[in-house]
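*Asks:* So that we are looking at the same thing, I have put the structure below in structure tokens.
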Amino acid sequence: MVKDLRDKTGAGMMDCKKVLEASEGNIAQAIEMLRQKGLASANKKSQRVAAEGVVESYIHTGSKIGVLLELNCETDFVARRTEFQTLAKDIAMQVAASPNVEYVSLEEIPESIIIEEKRIEAGREDLQDKPDNVKEKILAGRIEKRLKELSLVDQAFIKQTDITVGELITKNIALLGENIQLKRFEKFIVGGGAPKQENNFVDDVAQMLEKK
């Protein structure tokens, strides 16, 4: 029932669940409640062109991790609003706090990565003796879980863990009345782009003795 309501309105999963509980499962009433909140129209707005926006930065405490991201909206007016800029800052902080995230959404994950993840999971020992139908079901669940770990919009929002980053964006679409799209992001970690020198303690001691 939650899925049906999401398909009809484009509202977030938790929003659909809450209004279904409040309406005691009455779909028509649930849709009306979502419309009153402005959430049912967010999906339609997501089809509109978003070419304005901001480039946001976040430097984590200690200056070892930094994030740059581009968040788009439809007009410069909305881009300058406090709510939009707060959203950009929150998402940048989310990227810094999500060590496994590499892509904006599931749709951006390359097929080669999906194939490799399937290969790894299919080779795990705990699946080898299971019937094929059971194995396929377990494998599908594990792959879905792993891919969502790589997707930013599928992460639980760090400031409100009962919604995802994607649902947070949807809420702001409803609030601000414009399409909002997370275009891209990049995370920078000190030393992440350079090979680290590995010291061998035994060799170091031997070299010191040779010099004496």
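By order in the structure tokens, chains are A, B, ...; within a chain, residues start at 1; ligands start at 1, following the order shown.
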Name the residues in contact with range 144-155 of chain A at a cut-off of 7 Å, using only C-alpha atoms, excluding same-chain residues fewer than 2 positions from it; report them as a ChimeraX atom specification.
*Replies:* /A:100-106,140-142,157,164-166
*Asks:* Contacts between range 173-191 of chain A and range 49-94 of chain A, please, where a residue of range 49-94 of chain A counts if it comes within 7 Å (with only C-alpha atoms); show its shortest atom pair and distance in Å to one decimal, rows by chain and ascending number, as a Markdown table.
*Replies:*
```
| residue | atom | partner | partner_atom | distance |
| --- | --- | --- | --- | --- |
| A:Ala50 | CA | A:Asn179 | CA | 6.2 |
| A:Lys64 | CA | A:Val190 | CA | 5.2 |
| A:Ile65 | CA | A:Ile189 | CA | 4.7 |
| A:Gly66 | CA | A:Phe188 | CA | 5.0 |
| A:Val67 | CA | A:Lys187 | CA | 4.6 |
| A:Leu68 | CA | A:Glu186 | CA | 5.4 |
| A:Leu69 | CA | A:Phe185 | CA | 4.0 |
| A:Glu70 | CA | A:Lys183 | CA | 5.5 |
| A:Leu71 | CA | A:Leu182 | CA | 4.6 |
| A:Asn72 | CA | A:Gln181 | CA | 5.1 |
| A:Cys73 | CA | A:Ile180 | CA | 4.6 |
| A:Glu74 | CA | A:Glu178 | CA | 6.1 |
```
*Asks:* Which residues in range 20-199 of chain A does DSSP call helix (DSSP H, G or I)? List them as a PyMOL selection string.
*Replies:* chain A and resi 20-22+27-37+42-45+76-79+82-96+106-108+111-122+125-127+132-150+152-154+165-176
